[in-house]
Each structure stands twice: as structure tokens, then as C-alpha cells.
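So this one's final-v7.txt, compact mmCIF, C-alpha atoms:
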```txt
# COMPACT_ATOMS: atom_id res chain seq x y z
CA MET A 1467 0.00 0.00 0.00
CA HIS A 1468 1.33 3.41 -0.98
CA LEU A 1469 0.41 6.53 0.92
CA PRO A 1470 -0.21 9.59 -1.25
CA THR A 1471 2.85 11.77 -1.68
CA ARG A 1472 0.88 14.93 -0.84
CA TYR A 1473 0.00 15.77 2.73
CA LEU A 1474 -3.13 14.31 4.26
CA PHE A 1475 -4.66 17.50 5.62
CA VAL A 1476 -7.77 17.30 7.78
CA THR A 1477 -9.59 20.47 6.86
CA ASP A 1478 -12.59 20.59 9.22
CA TYR A 1479 -11.47 18.57 12.21
CA PRO A 1480 -7.68 18.53 12.72
CA PHE A 1481 -7.59 15.23 14.59
CA HIS A 1482 -3.96 14.82 13.56
CA LEU A 1483 -3.07 17.41 16.21
CA LEU A 1484 -3.89 14.81 18.85
CA LEU A 1485 -0.67 13.05 17.84
CA PRO A 1486 1.71 15.86 18.92
CA LEU A 1487 -0.34 16.17 22.12
CA ILE A 1488 0.33 12.50 22.88
CA ALA A 1489 3.97 13.02 21.88
CA SER A 1490 4.31 15.88 24.38
CA LEU A 1491 3.13 13.61 27.22
CA LEU A 1492 5.44 10.77 26.20
CA PHE A 1493 8.37 13.19 25.86
CA VAL A 1494 8.02 14.57 29.38
CA GLY A 1495 7.52 11.09 30.84
CA GLY A 1496 10.73 9.98 29.16
CA LEU A 1497 12.66 13.00 30.41
CA ILE A 1498 11.60 12.40 34.00
CA PHE A 1499 13.16 8.94 33.79
CA VAL A 1500 16.24 10.43 32.10
CA LYS A 1501 16.63 13.00 34.88
CA ARG A 1502 16.46 10.31 37.58
CA LEU A 1503 19.15 8.40 35.68
CA THR A 1504 21.47 11.42 35.42
CA ILE A 1505 21.07 12.02 39.16
CA ALA A 1506 22.26 8.41 39.62
CA GLY A 1507 25.35 9.17 37.52
CA VAL A 1508 24.21 7.79 34.16
CA THR A 1509 25.60 9.73 31.19
CA PRO A 1510 23.20 11.31 28.64
CA TRP A 1511 25.00 9.36 25.91
CA THR A 1512 23.88 6.03 27.37
CA VAL A 1513 20.20 6.97 27.17
CA ALA A 1514 20.59 8.71 23.80
CA PHE A 1515 22.23 5.67 22.21
CA LEU A 1516 19.57 3.24 23.43
CA SER A 1517 16.73 5.60 22.54
CA ASN A 1518 18.05 6.02 19.01
CA GLN A 1519 18.37 2.27 18.53
CA CYS A 1520 14.78 1.81 19.77
CA ALA A 1521 13.57 4.47 17.33
CA ALA A 1522 15.36 2.74 14.44
CA VAL A 1523 13.65 -0.56 15.29
CA PHE A 1524 10.21 1.04 15.66
CA PHE A 1525 10.43 3.03 12.42
CA THR A 1526 11.43 -0.07 10.47
CA ALA A 1527 7.76 -1.06 10.51
CA TYR A 1528 7.06 1.92 8.25
CA TRP A 1529 8.87 0.18 5.38
CA PHE A 1530 5.80 -1.96 4.79
CA VAL A 1531 3.71 1.17 4.19
CA GLY A 1532 5.65 1.75 0.98
CA GLY A 1533 6.31 4.87 -1.02
CA PRO A 1534 7.87 6.03 -4.30
CA GLY A 1535 11.33 6.52 -2.82
CA GLN A 1536 14.12 8.52 -4.48
CA PRO A 1537 17.39 7.73 -6.34
CA TRP A 1538 20.34 6.74 -4.18
CA PHE A 1539 22.13 10.06 -4.79
CA MET A 1540 19.30 11.76 -2.87
CA LEU A 1541 20.32 9.98 0.34
CA TRP A 1542 21.91 13.24 1.50
CA GLN A 1543 18.41 14.40 2.49
CA PRO A 1544 17.68 11.67 5.09
CA ALA A 1545 21.34 11.92 6.18
CA ILE A 1546 20.90 15.61 7.09
CA ILE A 1547 17.63 14.84 8.86
CA ALA A 1548 19.25 12.00 10.83
CA ALA A 1549 22.20 14.18 11.88
CA LEU A 1550 19.82 16.90 13.11
CA TYR A 1551 17.88 14.34 15.15
CA VAL A 1552 21.00 12.95 16.83
CA MET A 1553 22.20 16.49 17.59
CA GLY A 1554 18.81 17.57 18.91
CA LEU A 1555 18.40 14.58 21.20
CA SER A 1556 21.97 14.91 22.49
CA PHE A 1557 21.42 18.59 23.32
CA THR A 1558 18.12 17.65 24.98
CA PHE A 1559 19.73 15.15 27.34
CA LEU A 1560 22.60 17.53 28.11
CA ALA A 1561 20.03 20.18 29.07
CA ILE A 1562 18.25 17.71 31.37
CA GLU A 1563 21.58 16.68 32.90
CA ARG A 1564 22.45 20.31 33.69
CA GLY A 1565 19.01 21.48 34.84
CA ASP A 1566 15.71 20.28 36.25
CA VAL A 1567 12.97 18.97 33.96
CA SER A 1568 10.76 21.92 34.93
CA VAL A 1569 13.57 24.30 33.92
CA ALA A 1570 14.70 22.80 30.64
CA THR A 1571 11.40 21.51 29.22
CA PRO A 1572 9.63 24.88 28.87
CA VAL A 1573 12.65 26.29 27.03
CA PHE A 1574 12.34 23.55 24.41
CA GLY A 1575 9.05 25.19 23.43
CA VAL A 1576 10.92 28.10 21.83
CA LYS A 1577 11.08 25.63 18.95
CA VAL A 1578 7.56 26.90 18.09
CA LEU A 1579 8.93 30.30 17.13
CA PHE A 1580 11.93 28.78 15.34
CA VAL A 1581 9.61 26.63 13.23
CA ALA A 1582 7.35 29.58 12.39
CA ILE A 1583 10.34 31.61 11.21
CA LEU A 1584 11.86 28.73 9.21
CA VAL A 1585 8.54 27.95 7.51
CA THR A 1586 8.23 31.51 6.25
CA LEU A 1587 11.86 31.52 5.08
CA THR A 1588 11.82 28.16 3.29
CA THR A 1589 8.33 28.05 1.75
CA ALA A 1590 6.15 30.34 -0.30
CA LYS A 1591 3.33 29.90 2.20
CA GLN A 1592 2.99 32.80 4.60
CA LEU A 1593 1.67 32.19 8.08
CA THR A 1594 -1.57 33.90 9.01
CA ALA A 1595 -1.79 36.51 11.76
CA ILE A 1596 -3.59 33.98 13.97
CA MET A 1597 -0.76 31.48 13.61
CA TRP A 1598 1.84 34.12 14.48
CA LEU A 1599 -0.23 35.16 17.50
CA ALA A 1600 -0.45 31.53 18.62
CA ALA A 1601 3.31 31.10 18.28
CA ILE A 1602 3.98 34.31 20.23
CA LEU A 1603 1.54 33.31 23.00
CA ALA A 1604 3.20 29.91 23.26
CA VAL A 1605 6.64 31.47 23.61
CA ALA A 1606 5.32 34.01 26.15
CA GLY A 1607 3.84 31.20 28.23
CA ILE A 1608 7.09 29.27 28.04
CA MET A 1609 9.11 32.31 29.13
CA LEU A 1610 6.77 32.98 32.06
CA ILE A 1611 7.15 29.39 33.26
CA GLN A 1612 10.90 29.64 32.83
CA TRP A 1613 11.24 32.89 34.77
CA THR A 1614 9.59 31.28 37.80
CA SER A 1615 12.39 28.75 38.13
CA PRO A 1616 14.18 28.96 41.47
CA SER A 1617 17.56 30.60 41.31
CA GLY A 1618 20.53 28.36 41.89
CA ASN A 1619 23.83 27.72 40.22
CA ARG A 1620 23.67 30.36 37.47
CA LYS A 1621 26.36 28.80 35.31
CA LYS A 1622 24.58 25.46 35.41
CA LEU A 1623 21.24 27.14 34.69
CA PHE A 1624 22.61 29.05 31.70
CA LEU A 1625 24.20 25.86 30.33
CA ALA A 1626 20.86 24.09 30.62
CA ILE A 1627 19.09 26.92 28.80
CA GLY A 1628 21.82 27.05 26.14
CA PHE A 1629 21.58 23.32 25.47
CA ALA A 1630 17.77 23.51 25.44
CA LEU A 1631 17.85 26.32 22.86
CA SER A 1632 20.33 24.35 20.74
CA ALA A 1633 18.02 21.33 20.91
CA ALA A 1634 15.05 23.50 19.94
CA MET A 1635 16.87 24.88 16.89
CA SER A 1636 18.08 21.44 15.79
CA PHE A 1637 14.60 19.93 16.06
CA ALA A 1638 12.95 22.97 14.43
CA THR A 1639 15.18 22.54 11.38
CA PHE A 1640 14.50 18.79 11.52
CA ASP A 1641 10.72 19.36 11.48
CA VAL A 1642 10.75 21.83 8.61
CA LEU A 1643 12.98 19.62 6.45
CA VAL A 1644 10.87 16.52 7.17
CA GLN A 1645 7.80 18.46 6.05
CA LYS A 1646 9.66 19.61 2.93
CA TRP A 1647 11.36 16.37 1.83
CA ALA A 1648 9.25 13.46 3.13
CA PRO A 1649 6.35 13.71 0.63
CA ALA A 1650 8.56 13.01 -2.41
CA TRP A 1651 9.95 9.88 -0.77
CA GLY A 1652 6.79 8.66 0.90
CA ALA A 1653 6.65 8.08 4.67
CA GLY A 1654 7.24 4.36 4.16
CA ARG A 1655 10.63 4.98 2.60
CA PHE A 1656 11.83 8.25 4.12
CA LEU A 1657 11.28 7.55 7.83
CA PRO A 1658 12.91 4.09 8.01
CA ILE A 1659 15.97 5.34 6.11
CA VAL A 1660 16.25 8.40 8.37
CA TYR A 1661 16.18 6.34 11.54
CA TRP A 1662 18.49 3.63 10.22
CA MET A 1663 20.95 6.47 9.66
CA VAL A 1664 20.21 7.76 13.17
CA ALA A 1665 21.19 4.33 14.52
CA VAL A 1666 24.43 4.38 12.53
CA PHE A 1667 25.33 7.97 13.45
CA SER A 1668 24.71 7.12 17.11
CA VAL A 1669 27.84 4.97 17.10
CA VAL A 1670 29.70 8.16 18.03
CA LEU A 1671 27.83 8.07 21.36
CA LEU A 1672 29.30 4.71 22.31
CA LYS A 1673 32.38 6.43 23.73
CA GLY A 1674 30.23 7.61 26.65
CA PHE A 1675 28.05 4.49 26.86
CA GLN A 1676 27.95 2.83 30.30
CA LEU A 1677 27.42 -0.90 29.88
CA HIS A 1678 27.21 -1.48 33.63
CA VAL A 1679 23.96 0.53 33.74
CA VAL A 1680 22.24 -2.09 31.60
CA LYS A 1681 23.37 -4.77 34.06
CA ASP A 1682 22.26 -2.81 37.14
CA SER A 1683 18.75 -4.00 38.05
CA SER A 1684 17.94 -0.74 39.87
CA LEU A 1685 18.75 1.34 36.78
CA ARG A 1686 17.69 -1.00 33.99
CA LEU A 1687 13.94 -0.31 34.24
CA PRO A 1688 14.14 3.53 34.15
CA LEU A 1689 16.75 3.25 31.37
CA ILE A 1690 14.45 1.11 29.23
CA ALA A 1691 11.38 3.19 30.10
CA GLY A 1692 13.09 6.49 29.28
CA SER A 1693 14.56 5.18 26.02
CA VAL A 1694 11.28 3.66 24.82
CA LEU A 1695 9.16 6.72 25.72
CA ILE A 1696 11.51 9.10 23.91
CA ALA A 1697 11.53 6.80 20.87
CA PHE A 1698 7.75 6.51 20.85
CA GLN A 1699 7.23 10.27 21.04
CA ALA A 1700 9.46 10.56 17.97
CA ILE A 1701 7.12 8.20 16.11
CA PHE A 1702 4.10 10.37 16.91
CA ILE A 1703 5.67 13.72 16.08
CA VAL A 1704 7.67 12.69 13.00
CA SER A 1705 4.82 10.65 11.53
CA THR A 1706 2.51 13.64 11.88
CA LEU A 1707 4.97 15.93 10.08
CA SER A 1708 5.67 13.47 7.26
CA LEU A 1709 2.01 12.60 6.63
CA PHE A 1710 0.25 15.91 7.34
CA GLY A 1711 2.88 18.66 7.24
CA ASP A 1712 1.37 21.53 9.26
CA ALA A 1713 4.64 22.03 11.14
CA THR A 1714 3.67 25.27 12.89
CA ARG A 1715 0.38 24.04 14.39
CA VAL A 1716 1.92 20.68 15.25
CA ASN A 1717 4.67 22.41 17.22
CA ILE A 1718 2.29 24.77 18.99
CA VAL A 1719 0.39 21.77 20.34
CA TYR A 1720 3.69 19.98 21.06
CA ALA A 1721 4.74 23.02 23.12
CA THR A 1722 2.33 21.90 25.85
CA ARG A 1723 5.18 19.66 26.99
CA GLY A 1724 6.35 22.78 28.87
CA LEU A 1725 3.18 22.57 30.96
CA TRP A 1726 3.45 18.81 31.45
CA GLY A 1727 7.12 19.22 32.35
CA VAL A 1728 6.23 21.53 35.22
CA LEU A 1729 3.25 19.54 36.48
CA PHE A 1730 4.72 16.03 36.12
CA ALA A 1731 8.09 17.04 37.54
CA TRP A 1732 6.38 18.67 40.53
CA ALA A 1733 4.12 15.64 41.11
CA THR A 1734 6.96 13.11 40.91
CA ALA A 1735 9.18 15.31 43.10
CA MET A 1736 6.47 15.37 45.77
CA LYS A 1737 6.40 11.59 45.72
CA TRP A 1738 10.07 10.67 45.23
CA GLY A 1739 11.88 13.90 46.09
CA GLY A 1740 13.46 16.54 43.93
CA ALA A 1741 13.99 20.28 43.53
CA GLU A 1742 10.46 20.92 42.22
CA ALA A 1743 8.92 19.85 45.55
CA LYS A 1744 10.43 22.94 47.17
CA VAL A 1745 8.94 25.47 44.73
CA PRO A 1746 6.80 28.08 46.61
CA VAL A 1747 3.07 28.25 45.88
CA ARG A 1748 3.47 31.79 44.49
CA LEU A 1749 5.85 30.55 41.81
CA MET A 1750 3.56 27.64 41.01
CA LEU A 1751 0.71 30.12 40.42
CA LEU A 1752 2.92 32.09 38.04
CA ARG A 1753 3.71 28.88 36.22
CA LEU A 1754 -0.02 28.26 36.00
CA SER A 1755 -0.37 31.63 34.29
CA GLY A 1756 2.19 30.52 31.77
CA ALA A 1757 0.21 27.32 31.28
CA VAL A 1758 -2.90 29.41 30.51
CA LEU A 1759 -1.00 31.22 27.75
CA LEU A 1760 0.15 27.88 26.35
CA THR A 1761 -3.43 26.62 26.37
CA ALA A 1762 -4.61 29.75 24.54
CA ALA A 1763 -1.91 29.14 21.92
CA VAL A 1764 -3.10 25.57 21.42
CA ILE A 1765 -6.72 26.72 21.00
CA LEU A 1766 -5.65 29.25 18.38
CA ALA A 1767 -3.63 26.54 16.63
CA LEU A 1768 -6.80 24.54 16.17
CA LEU A 1769 -8.44 27.43 14.34
CA ARG A 1770 -8.01 28.11 10.65
CA GLY A 1771 -6.46 31.53 10.25
```
What do you get writing this file as C-alpha cells?
Amino acid sequence: MHLPTRYLFVTDYPFHLLLPLIASLLFVGGLIFVKRLTIAGVTPWTVAFLSNQCAAVFFTAYWFVGGPGQPWFMLWQPAIIAALYVMGLSFTFLAIERGDVSVATPVFGVKVLFVAILVTLTTAKQLTAIMWLAAILAVAGIMLIQWTSPSGNRKKLFLAIGFALSAAMSFATFDVLVQKWAPAWGAGRFLPIVYWMVAVFSVVLLKGFQLHVVKDSSLRLPLIAGSVLIAFQAIFIVSTLSLFGDATRVNIVYATRGLWGVLFAWATAMKWGGAEAKVPVRLMLLRLSGAVLLTAAVILALLRG
């Protein structure tokens, strides 16, 4: 079976935007496991390598969907996409290693604005005023959540923010190029090739891979859970982009991971301990205000501008 090479837009009811919403939940769940691992001394490269291998295995199933494909000399396109994914995920885990989930995750949402800018620069389609307003509201909500983070080691905080911004830019470029190149290949050819390349490129991460973590029964479960959740969220978000396009709206909905990052990290910290459990109520209310802005951005994203 061959999927059509054009995007499968849902004009009246954009149900496809449920996929990035699910991806945002999976992403934050995975990062909470990753953070607990880094606290235990596990390197980001260990989780990144396993997550990338899981993603390559999962995306292999797409090969049976089929697609027109492209000549071999066009393999530079999936190679660039794969490199951006490896870079983005590596920066993501470095940000989580340096900062709390509730600090780094909202910053990732700046990707919304990066995507909006890249879409206007790389395509003839201009974003509507409503879409720009939604993107700006999302970023404003993210910044408000970020500014309520407790002060601590400033150097460590700035490193976390820097890595998070680098991850956001890498993934923004990834999203726009997937939207641009995937239709000509067909999802059933493009996505498996991309993630097979991701698995190969991830060999560079083996230098920091900790084999003893896999053998440690106390760390094995969170390692597997974190790797699988991150891989699964990639399936949801990348499949949506390759099949439907709509990168700006997809990323506005995906930006709700900033809200989930605050709420889930706070809830798990209350149960198992962590910095988020010590956040004053006043700061939590400010974060709630940021969440309201994010929600408004999502509602606007569901409207046709």
C-alpha cells in the first residue's frame, strides 16, 4: 500500500493534532526517567544511544507502508535529517543533565517560534496573523514558566538553557525539512531510512556508553522506560509531520510539553523527592499563568487563520 505523496490535511477537524499532544506527554515522561538516571550518575549518551536504537527498530515497521522513494544520490536528504535528530536529542539530554525537567522543558518550546520563522523563510506559504499570535503566545507562556524557576547555580542554569535552545533549533530545522522532503519519498521509505541512519550515526555516542547501567537491576527499568518513551514520542511527532505537514500548528500543540514538564516534575518530586517539591506556591501560580498562555496558543492553533 502506498500513501499519497501529498500531505493528508484534515480540513474541518484537525484530529492529527492529537498526535503531537500525545507526543508531548510521552516526551516529558521519558525526560523524568532520564533525569532520575542522570542524578544516579548515568551519562546522557547512554540513554541517547539506546533511545536512538529503539527508534530505528520502531520506524522499520514503516517500510511496509511503501512509497515512491528517491534515487540513491538523494540519500543526503535523510542523512541531514538524521544528523539533526542525533544532535537535537543529544542537546536535549545535556540540558536535562544540567538542569531540572521543569527548567529545561519549557525552554524547548521556543522551537515553536523557530519553526514559524523557518517555515516563512523556506516556503512560499505565509503564516496567518492567527498562527503568528499563537506562536507568540506559546513562547510568552514558556518564558513565564521559565522565569519562575528557582535561582541556583547560574552557570549550570545558563548551560541548561543554552543546550535547550540548541536542541530547539536542531529539532525545528529537523521538522521543517521533514515536512519539505518526506512527501517526495513517501513516509514508508523516508522515515525508516532516516532512523536507520540515526542508529548508525549514534555509534559516536558509544564512547560515553555505560554498559554497567544495563546490568544494574535498579537502573535497567528507568533506562528502558526512558529510552522507549523518547523513541515513541518521535514516532508520533515525526509521523505527523511526514504525513500531514502543518509544522507550525503541530509544534504549537507539542509546546504543551512545557506545561506537562512543570506539572509532572512537581508531582513526581512530591512523591520521590526533587527540587520541584520545594517550589513556593506563588511561583507555582505564576507557572499556571504561563500554562494558561500555552493553552490559549493551542486553541488558536486549532483554528483556521
Restrict the calculation to all atoms listed in the file, then for each residue of region 1496-1574 of chain A with any atom at most 7 Å from an atom of region 1663-1669 of chain A give the closest atom pair and their distance in Å to one decimal, rows by chain and rising residue number, as CSV.
```
residue,atom,partner,partner_atom,distance
A:Phe1515,CA,A:Ser1668,CA,5.9
A:Asn1518,CA,A:Ala1665,CA,5.7
A:Gln1519,CA,A:Ala1665,CA,5.3
A:Ala1522,CA,A:Ala1665,CA,6.0
A:Ala1545,CA,A:Met1663,CA,6.5
A:Ala1548,CA,A:Val1664,CA,4.9
A:Ala1549,CA,A:Val1664,CA,6.8
A:Val1552,CA,A:Val1664,CA,6.4
```
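Put simply, CA of Ala1527 (chain A) is 19.6 Å away from CA of Leu1541 (chain A).
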Subject >> Neighbour list for Trp1726 (chain A) as a PyMOL selection string, cut-off 7 Å, all atoms listed in the file, skip fewer than 3 positions in-chain >> reply: chain A and resi 1491+1494+1722-1723+1729-1730
Subject >> Between CA of Val1585 (chain A) and CA of Thr1571 (chain A) - distance in Å to one decimal >> reply: 22.8 Å
**OP:** For CA of Arg1502 (chain A) and CA of Leu1625 (chain A), determine how far apart the two atoms are, in Å to one decimal place.
**Re:**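 So the answer is 18.8 Å.
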For the structure just given, write the atoms of region 1528-1545 of chain A, namely N, CA, C and O atoms, as a compact mmCIF listing (two decimals), in the first residue's frame.
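The result, written out as decode_30.txt:
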```txt
# COMPACT_ATOMS: atom_id res chain seq x y z
N TYR A 1528 7.58 1.04 9.29
CA TYR A 1528 7.06 1.92 8.25
C TYR A 1528 7.41 1.44 6.84
O TYR A 1528 6.76 1.84 5.87
N TRP A 1529 8.44 0.63 6.71
CA TRP A 1529 8.87 0.18 5.38
C TRP A 1529 7.74 -0.54 4.65
O TRP A 1529 7.64 -0.47 3.42
N PHE A 1530 6.88 -1.20 5.40
CA PHE A 1530 5.80 -1.96 4.79
C PHE A 1530 4.67 -1.06 4.30
O PHE A 1530 3.79 -1.51 3.55
N VAL A 1531 4.70 0.22 4.69
CA VAL A 1531 3.71 1.17 4.19
C VAL A 1531 3.99 1.51 2.74
O VAL A 1531 3.09 1.77 1.95
N GLY A 1532 5.26 1.48 2.36
CA GLY A 1532 5.65 1.75 0.98
C GLY A 1532 5.80 3.22 0.68
O GLY A 1532 5.66 4.08 1.53
N GLY A 1533 6.09 3.50 -0.58
CA GLY A 1533 6.31 4.87 -1.02
C GLY A 1533 7.13 4.88 -2.28
O GLY A 1533 7.79 3.88 -2.61
N PRO A 1534 7.13 5.97 -3.03
CA PRO A 1534 7.87 6.03 -4.30
C PRO A 1534 9.38 5.98 -4.14
O PRO A 1534 10.09 5.50 -5.02
N GLY A 1535 9.89 6.48 -3.01
CA GLY A 1535 11.33 6.52 -2.82
C GLY A 1535 11.99 7.55 -3.73
O GLY A 1535 11.33 8.28 -4.47
N GLN A 1536 13.33 7.61 -3.66
CA GLN A 1536 14.12 8.52 -4.48
C GLN A 1536 15.41 7.82 -4.90
O GLN A 1536 15.81 6.81 -4.29
N PRO A 1537 16.10 8.33 -5.93
CA PRO A 1537 17.39 7.73 -6.34
C PRO A 1537 18.39 7.78 -5.20
O PRO A 1537 18.32 8.62 -4.30
N TRP A 1538 19.37 6.88 -5.27
CA TRP A 1538 20.34 6.74 -4.18
C TRP A 1538 21.12 8.02 -3.92
O TRP A 1538 21.52 8.30 -2.78
N PHE A 1539 21.34 8.84 -5.00
CA PHE A 1539 22.13 10.06 -4.79
C PHE A 1539 21.37 11.12 -3.99
O PHE A 1539 21.93 12.16 -3.65
N MET A 1540 20.08 10.85 -3.70
CA MET A 1540 19.30 11.76 -2.87
C MET A 1540 19.37 11.39 -1.38
O MET A 1540 18.70 12.00 -0.55
N LEU A 1541 20.20 10.41 -1.06
CA LEU A 1541 20.32 9.98 0.34
C LEU A 1541 20.88 11.08 1.26
O LEU A 1541 20.80 10.96 2.48
N TRP A 1542 21.42 12.13 0.67
CA TRP A 1542 21.91 13.24 1.50
C TRP A 1542 20.77 13.89 2.29
O TRP A 1542 21.00 14.44 3.38
N GLN A 1543 19.54 13.80 1.77
CA GLN A 1543 18.41 14.40 2.49
C GLN A 1543 18.12 13.67 3.80
O GLN A 1543 18.11 14.31 4.86
N PRO A 1544 17.88 12.34 3.79
CA PRO A 1544 17.68 11.67 5.09
C PRO A 1544 18.92 11.73 5.98
O PRO A 1544 18.79 11.70 7.21
N ALA A 1545 20.12 11.83 5.37
CA ALA A 1545 21.34 11.92 6.18
C ALA A 1545 21.35 13.22 7.00
O ALA A 1545 21.71 13.23 8.18
```
